[in-house]
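Accompanying notes for the structure given below.
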Amino acid sequence: MRMAGALAVLAVSMVAGLLGGAADISPWQVVLQALDWLPYVHVDSGLAPVEQGLLFELRLPRVLVAAVVGGLLAIAGAGYQGVFRNPLADPYLLGAAAGAGLTTTVVIVLVPTPVVGIPVAAFAGAVGGVFLAYVLGNTAGRSGGTATLVLSGVAVTSFLTAIQTFIQQFKVEELQRIYSWILGDVGGGWDQFWLVLPYAAVSAGLLLAHGRMLDVLSVGDEEATSLGVRAGRVRLAVLLAASLATAAAVAVSGLIGFVGIVIPHVVRRLAGGSYRVVLPLSLIGGAAFLVLADLVARTVIAPAELPIGVVTMFVGAPFFVAVLRMTRQTAT
Amino acid sequence: MTADTARPAQMIETSALSVRLGEREVLTDVDLSVRRGEWLAIIGPNGAGKSTLLKAVMGVVGHRGDVTVGGRAASTLRPRDRARLVAYAPQTPSLPPDMTVYDYALLGRTPYISYLGTESRRDKEVTGSVLERLDLTEFAGRRLGELSGGERQRVVLARALAQEAPALLLDEPTTALDLGHQQQVLELVDRLRIADELTVVTTLHDLTLAGQYADRLLLLAGGRAVAAGQPGQVLTEALVGTHFDARVEIAPGPGGRPVVHLIRGVS
């Protein structure tokens, strides 16, 4: 029931995402056209070839990338929150953002004709940041406690951000490119969609499969152990999957904030605390949220665009407060 | 009683069990032995190592010395096999406030579900019947954050029972409960113990309660087992006075079991 409702919200927001923008196209035509794109389905939407091209080459990949990135960030956030048993954990907690920011800046600033694309650099940076935090956290702390891991994530983040800031000062003229990457963009087209899809499928699949295990972890390591679960192993698996999801999202969209922390919360407030519900609903909710955020980003100051990261924070924060107020009778 | 020849009479045994936490040796050479179906209460002053002893048996803290569960060396058991033999409820269980009572009790089935698997129909049946036995059926959909102290204790017990382990380790099951609820929980544990032939090991800070319910007591002090035996043998004015640094008077109470009274100091 809840799942069906969430999927309906996602479908509506995707149609809205296809609709929004300059050209004058009716919702019904968009729905027909969307059906026509499905394999073996032929429907006449009555749209001119130019309009079809606009929808197919520009809007559709954009909506799909936004959906995938939003879904990944939200489910990764839910995974991190489960592993750290902390509602404030977000996908960037362990240095993924700082790592990706550093490598992307290096590519933009230091490599005149890029030998590697920004997505590859960002992906490698995100994975590298998390890896660094994990290795540090496990060697510095006793028995790999989660607190040590979070602290080493903080250390790695500030260290890598320092280097990134230092490098970007060399080329002030590139500041705008760097910042526009950092603030996020889902308008990369079909290439980006196909690039992110396999990672998205693997990481989201792994995370969804760990719902029950995250419920077990939610009673703490000691009790999880007494239930026959190797808590450390579960944590590592979920961390790997969530970090892969984060890196994939960051690679094609930059650093979009707030989705990974807000969406799982909203889901928990509305649908309860079990990760078996929180994970899939975060995936769907995050997708719908980012599609709508991108729609806002494209339309408020059209024909110019707002950075999507600005929208997620600007729209997300009041939305979050509203949900908190609406549901405050259920204590957490 | 032919089953007794196949099953060892001792459900839980430790020999020379020692635990070091950081720099401090919390337990030193503790020998423990609990017969099948018996209720052992571990008593002792604060910091004596009572909780640590339960955790060591459960395998959640590292230790030296041997632990045997159901006749098998615990070190050779996979975690999930150990969890099928011994269920454990800590002194302050973490109760995720948004989780429902049913989902929480269902966690007890974890040792029977494969890593990425989902619970079977039997897992749900067991959980449902445990909730029913503990009068929790109407609470099944309730969130843990909405429960009272006594209800929480029963829910934790439900999770432990859903584990269907022959031995139950309960760390201070009566903490933070009022008199009536303490009695209810211990009566419940006793009924379940008799009905399901469970072996029960509890830590209890209330000596009179320990003496009332347990078959045998183990007195820990400074990480060592200093006395063990029937309530009347362990709850003596000399032993309690020495190890708890308390002035007490011990008199026979209900069922001939000892009742411990504190004596007010002479000013």
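In the structure tokens, each chain is lettered A, B, ... as it comes, each chain's residues begin at 1, and ligands are numbered from 1 in order of appearance.
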For range 94-101 of chain B: contacts at 10 Å, only C-alpha atoms, fewer than 4 positions along chain excluded, given as an mmCIF file with C-alpha atoms, in the first residue's frame:
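And here is the file that came out, result-v9.cif:
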data_model
loop_
_atom_site.group_PDB
_atom_site.id
_atom_site.type_symbol
_atom_site.label_atom_id
_atom_site.label_comp_id
_atom_site.auth_asym_id
_atom_site.auth_seq_id
_atom_site.Cartn_x
_atom_site.Cartn_y
_atom_site.Cartn_z
ATOM 1 C CA ARG A 85 22.698 4.152 14.596
ATOM 2 C CA ASP A 215 16.966 -3.849 11.955
ATOM 3 C CA SER A 218 19.481 -1.220 15.546
ATOM 4 C CA VAL A 219 19.500 -2.967 18.936
ATOM 5 C CA GLY A 220 23.242 -2.417 19.215
ATOM 6 C CA ASP A 221 26.302 -4.543 18.651
ATOM 7 C CA GLU A 222 26.119 -6.508 21.862
ATOM 8 C CA GLU A 223 22.558 -7.615 21.383
ATOM 9 C CA ARG A 268 10.690 7.105 9.176
ATOM 10 C CA ARG A 269 8.222 9.675 10.437
ATOM 11 C CA ALA A 271 6.066 4.862 7.782
ATOM 12 C CA GLY A 272 7.841 3.670 10.940
ATOM 13 C CA GLY A 273 11.366 2.690 11.824
ATOM 14 C CA SER A 274 11.973 -0.706 10.232
ATOM 15 C CA TYR A 275 14.749 -0.567 7.660
ATOM 16 C CA THR A 330 5.009 10.400 17.829
ATOM 17 C CA ALA A 331 8.089 10.696 19.965
ATOM 18 C CA THR A 332 11.401 9.456 18.673
ATOM 19 C CA PRO B 90 20.878 -6.979 28.784
ATOM 20 C CA ALA B 105 10.058 -9.778 19.087
ATOM 21 C CA LEU B 106 10.665 -11.109 15.595
ATOM 22 C CA LEU B 131 3.437 -12.561 22.202
ATOM 23 C CA LEU B 136 1.340 -8.848 24.352
ATOM 24 C CA THR B 137 -0.862 -9.627 21.359
ATOM 25 C CA GLU B 138 -2.745 -6.376 21.635
ATOM 26 C CA PHE B 139 0.558 -4.519 21.781
ATOM 27 C CA ALA B 140 1.934 -6.079 18.588
ATOM 28 C CA GLY B 141 1.520 -2.949 16.493
ATOM 29 C CA ARG B 142 2.558 -0.540 19.246
ATOM 30 C CA ARG B 143 5.870 1.311 18.932
ATOM 31 C CA LEU B 144 8.493 0.543 21.570
ATOM 32 C CA GLY B 145 8.782 4.217 22.489
ATOM 33 C CA GLU B 146 5.184 4.172 23.719
ATOM 34 C CA LEU B 147 5.551 1.391 26.297
ATOM 35 C CA GLU B 151 5.630 -3.607 29.245
ATOM 36 C CA ARG B 152 9.150 -3.074 27.959
ATOM 37 C CA VAL B 155 8.710 -7.243 25.300
ATOM 38 C CA VAL B 156 12.410 -7.889 25.878
ATOM 39 C CA ALA B 158 9.348 -11.958 24.346
ATOM 40 C CA ARG B 159 12.304 -11.400 22.057
#
Test item: chain B residues at most 10 Å from chain A, counting only C-alpha atoms, as number ranges by chain: B: 55, 58-61, 78-84, 86-90, 93-100, 103-104, 106-113, 115-119, 143-146, 159-160, 163
Backbone-only DSSP, strand (DSSP E) members of range 211-246 of chain B, as JSON, numbers by chain: {"B": [216, 217, 218, 219, 220, 221, 224, 225, 226, 227, 228, 229]}
Selected residue of minimal separation from Thr148 in chain A among A:Ala16, A:Leu255, A:Ala302, A:Leu136, counting only C-alpha atoms: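 Of A:Ala16, A:Leu255, A:Ala302, A:Leu136, the one nearest Thr148 in chain A is A:Leu136, counting only C-alpha atoms.
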Contact residues around His181 in chain B with only C-alpha atoms at 12 Å, ignoring same-chain residues under 2 positions, as a ChimeraX atom specification: /B:148-154,173-179,183-188
Residues flagged helix (DSSP H, G or I) by DSSP in range 33-109 of chain B, as a PyMOL selection string: chain B and resi 50-58+74-76+79-85+101-109
How would the residues just picked look written out with N, CA and C atoms as a tab-separated table (two decimals), in the first residue's frame?
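After the write, part_29.tsv holds the following:
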chain	number	residue	atom	x	y	z
B	50	LYS	N	29.14	-9.03	37.66
B	50	LYS	CA	27.96	-9.85	37.39
B	50	LYS	C	27.54	-9.79	35.92
B	51	SER	N	27.39	-8.56	35.43
B	51	SER	CA	26.97	-8.41	34.03
B	51	SER	C	28.02	-8.96	33.08
B	52	THR	N	29.28	-8.71	33.42
B	52	THR	CA	30.36	-9.18	32.56
B	52	THR	C	30.36	-10.70	32.45
B	53	LEU	N	30.01	-11.36	33.56
B	53	LEU	CA	29.96	-12.82	33.54
B	53	LEU	C	28.92	-13.30	32.52
B	54	LEU	N	27.74	-12.67	32.54
B	54	LEU	CA	26.71	-13.05	31.56
B	54	LEU	C	27.21	-12.79	30.14
B	55	LYS	N	27.85	-11.63	29.95
B	55	LYS	CA	28.31	-11.29	28.61
B	55	LYS	C	29.37	-12.26	28.11
B	56	ALA	N	30.21	-12.70	29.02
B	56	ALA	CA	31.25	-13.64	28.61
B	56	ALA	C	30.62	-14.97	28.19
B	57	VAL	N	29.61	-15.42	28.95
B	57	VAL	CA	28.93	-16.66	28.57
B	57	VAL	C	28.27	-16.49	27.20
B	58	MET	N	27.75	-15.28	26.97
B	58	MET	CA	27.06	-14.99	25.72
B	58	MET	C	28.03	-14.80	24.56
B	74	ALA	N	31.92	-23.38	23.65
B	74	ALA	CA	31.36	-22.21	22.99
B	74	ALA	C	32.27	-21.69	21.88
B	75	SER	N	33.59	-21.89	22.07
B	75	SER	CA	34.52	-21.36	21.09
B	75	SER	C	34.40	-22.08	19.74
B	76	THR	N	33.81	-23.27	19.74
B	76	THR	CA	33.66	-23.99	18.48
B	76	THR	C	32.31	-23.72	17.82
B	79	PRO	N	28.36	-18.17	15.76
B	79	PRO	CA	27.51	-17.24	16.54
B	79	PRO	C	26.03	-17.61	16.50
B	80	ARG	N	25.54	-17.99	15.34
B	80	ARG	CA	24.11	-18.28	15.27
B	80	ARG	C	23.75	-19.57	16.01
B	81	ASP	N	24.69	-20.52	16.06
B	81	ASP	CA	24.41	-21.75	16.81
B	81	ASP	C	24.39	-21.48	18.30
B	82	ARG	N	25.31	-20.62	18.74
B	82	ARG	CA	25.32	-20.23	20.14
B	82	ARG	C	24.01	-19.52	20.48
B	83	ALA	N	23.55	-18.66	19.56
B	83	ALA	CA	22.32	-17.91	19.80
B	83	ALA	C	21.09	-18.82	19.82
B	84	ARG	N	21.20	-20.00	19.24
B	84	ARG	CA	20.07	-20.94	19.34
B	84	ARG	C	20.06	-21.66	20.67
B	85	LEU	N	21.19	-21.62	21.37
B	85	LEU	CA	21.29	-22.30	22.66
B	85	LEU	C	21.06	-21.36	23.83
B	101	VAL	N	6.40	-3.57	18.49
B	101	VAL	CA	6.60	-4.69	19.40
B	101	VAL	C	6.77	-5.99	18.61
B	102	TYR	N	5.95	-6.17	17.59
B	102	TYR	CA	6.03	-7.40	16.81
B	102	TYR	C	7.38	-7.52	16.11
B	103	ASP	N	7.80	-6.45	15.45
B	103	ASP	CA	9.08	-6.49	14.74
B	103	ASP	C	10.23	-6.74	15.71
B	104	TYR	N	10.11	-6.17	16.90
B	104	TYR	CA	11.18	-6.36	17.89
B	104	TYR	C	11.23	-7.82	18.34
B	105	ALA	N	10.08	-8.38	18.65
B	105	ALA	CA	10.06	-9.78	19.09
B	105	ALA	C	10.56	-10.70	17.97
B	106	LEU	N	10.25	-10.32	16.75
B	106	LEU	CA	10.67	-11.11	15.59
B	106	LEU	C	12.19	-11.16	15.47
B	107	LEU	N	12.88	-10.15	16.01
B	107	LEU	CA	14.35	-10.15	15.97
B	107	LEU	C	14.91	-11.39	16.65
B	108	GLY	N	14.14	-11.92	17.61
B	108	GLY	CA	14.58	-13.13	18.30
B	108	GLY	C	14.74	-14.32	17.37
B	109	ARG	N	14.11	-14.26	16.21
B	109	ARG	CA	14.21	-15.36	15.25
B	109	ARG	C	15.46	-15.27	14.39
Near-Gly101 in chain A list (12 Å; only C-alpha atoms; drop same-chain fewer than 4 positions) as a PyMOL selection string: chain A and resi 92+95-97+105-109+118-119+121-129+157-165+167-168+177-184+247+250-251+253-256
Dump of C-alpha atoms for the selected residues, as an mmCIF file, in the first residue's frame:
data_model
loop_
_atom_site.group_PDB
_atom_site.id
_atom_site.type_symbol
_atom_site.label_atom_id
_atom_site.label_comp_id
_atom_site.auth_asym_id
_atom_site.auth_seq_id
_atom_site.Cartn_x
_atom_site.Cartn_y
_atom_site.Cartn_z
ATOM 1 C CA TYR A 92 28.959 12.311 2.941
ATOM 2 C CA GLY A 95 34.681 11.758 3.352
ATOM 3 C CA ALA A 96 32.983 10.852 0.073
ATOM 4 C CA ALA A 97 32.116 14.476 -0.660
ATOM 5 C CA THR A 105 39.023 20.278 -8.490
ATOM 6 C CA VAL A 106 42.334 18.721 -9.465
ATOM 7 C CA VAL A 107 40.901 17.683 -12.821
ATOM 8 C CA ILE A 108 39.310 21.075 -13.466
ATOM 9 C CA VAL A 109 42.273 23.151 -12.324
ATOM 10 C CA ILE A 118 34.913 14.581 -14.160
ATOM 11 C CA PRO A 119 32.590 11.640 -13.370
ATOM 12 C CA ALA A 121 37.531 11.588 -11.073
ATOM 13 C CA ALA A 122 34.622 12.267 -8.745
ATOM 14 C CA PHE A 123 33.859 8.577 -8.379
ATOM 15 C CA ALA A 124 37.472 7.742 -7.582
ATOM 16 C CA GLY A 125 37.682 10.627 -5.121
ATOM 17 C CA ALA A 126 34.513 9.593 -3.296
ATOM 18 C CA VAL A 127 35.627 5.983 -2.983
ATOM 19 C CA GLY A 128 39.111 7.101 -1.956
ATOM 20 C CA GLY A 129 37.787 9.435 0.732
ATOM 21 C CA THR A 157 36.861 15.518 5.308
ATOM 22 C CA SER A 158 38.562 18.570 6.751
ATOM 23 C CA PHE A 159 41.999 17.484 5.541
ATOM 24 C CA LEU A 160 40.885 16.825 1.960
ATOM 25 C CA THR A 161 38.777 19.996 1.904
ATOM 26 C CA ALA A 162 41.842 21.968 2.987
ATOM 27 C CA ILE A 163 43.844 20.588 0.079
ATOM 28 C CA GLN A 164 40.960 21.222 -2.306
ATOM 29 C CA THR A 165 40.617 24.834 -1.177
ATOM 30 C CA ILE A 167 44.383 23.993 -5.059
ATOM 31 C CA GLN A 168 41.423 26.038 -6.202
ATOM 32 C CA ARG A 177 33.215 25.803 -12.650
ATOM 33 C CA ILE A 178 34.259 24.210 -9.403
ATOM 34 C CA TYR A 179 31.356 25.683 -7.492
ATOM 35 C CA SER A 180 28.811 24.839 -10.122
ATOM 36 C CA TRP A 181 30.011 21.245 -9.934
ATOM 37 C CA ILE A 182 29.877 21.271 -6.131
ATOM 38 C CA LEU A 183 26.337 22.650 -6.106
ATOM 39 C CA GLY A 184 25.145 19.853 -8.295
ATOM 40 C CA ALA A 247 30.159 7.673 -5.198
ATOM 41 C CA VAL A 250 28.389 12.146 -6.802
ATOM 42 C CA ALA A 251 30.082 11.130 -10.057
ATOM 43 C CA SER A 253 25.672 15.017 -10.201
ATOM 44 C CA GLY A 254 28.177 16.718 -7.922
ATOM 45 C CA LEU A 255 27.499 17.262 -4.250
ATOM 46 C CA ILE A 256 23.785 17.538 -3.714
#
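Residues in contact with Val226 in chain B at up to 10 Å, not including ones fewer than 3 positions away on its chain and judged by only C-alpha atoms, are Val30, Gly44, Leu218, Leu219, Leu220, Ala221, Gly222, Gly223, Val234, Leu239 and His243 of chain B.
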Given the selection you just returned, output its residues as a file containing N, CA and C atoms, formatted as a tab-separated table (two decimals), in the first residue's frame.
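Once written, result_5.tsv looks like this:
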chain	number	residue	atom	x	y	z
B	30	VAL	N	36.62	-17.61	37.23
B	30	VAL	CA	35.29	-17.96	37.73
B	30	VAL	C	34.87	-19.32	37.19
B	44	GLY	N	26.01	-9.92	44.00
B	44	GLY	CA	27.30	-9.34	44.36
B	44	GLY	C	27.19	-7.83	44.36
B	218	LEU	N	25.13	-17.54	43.18
B	218	LEU	CA	26.57	-17.42	43.06
B	218	LEU	C	26.92	-16.01	43.50
B	219	LEU	N	27.78	-15.91	44.51
B	219	LEU	CA	28.16	-14.58	45.01
B	219	LEU	C	29.51	-14.19	44.41
B	220	LEU	N	29.49	-13.09	43.66
B	220	LEU	CA	30.73	-12.56	43.09
B	220	LEU	C	31.17	-11.37	43.91
B	221	ALA	N	32.47	-11.26	44.11
B	221	ALA	CA	33.01	-10.05	44.74
B	221	ALA	C	34.39	-9.82	44.17
B	222	GLY	N	34.64	-8.61	43.73
B	222	GLY	CA	35.94	-8.27	43.16
B	222	GLY	C	36.32	-9.18	42.00
B	223	GLY	N	35.33	-9.64	41.25
B	223	GLY	CA	35.62	-10.44	40.07
B	223	GLY	C	35.87	-11.92	40.35
B	234	VAL	N	24.29	-19.14	50.98
B	234	VAL	CA	25.02	-17.97	50.50
B	234	VAL	C	24.57	-16.70	51.22
B	239	LEU	N	28.62	-13.60	55.18
B	239	LEU	CA	29.02	-13.42	53.78
B	239	LEU	C	28.53	-12.09	53.22
B	243	HIS	N	31.03	-9.01	52.06
B	243	HIS	CA	31.24	-8.68	50.64
B	243	HIS	C	30.43	-7.48	50.17
Residue with smallest distance to Ser45 in chain A - pool A:Ile25, A:Ala4, A:Leu72, A:Val172, counting only C-alpha atoms: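 That would be A:Ile25, the residue with the smallest distance to Ser45 in chain A.
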Distance criterion (only C-alpha atoms): nearest to Glu13 in chain B out of B:Leu32, B:Leu134, B:Val26, B:Leu161: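 Closest candidate: B:Leu32.
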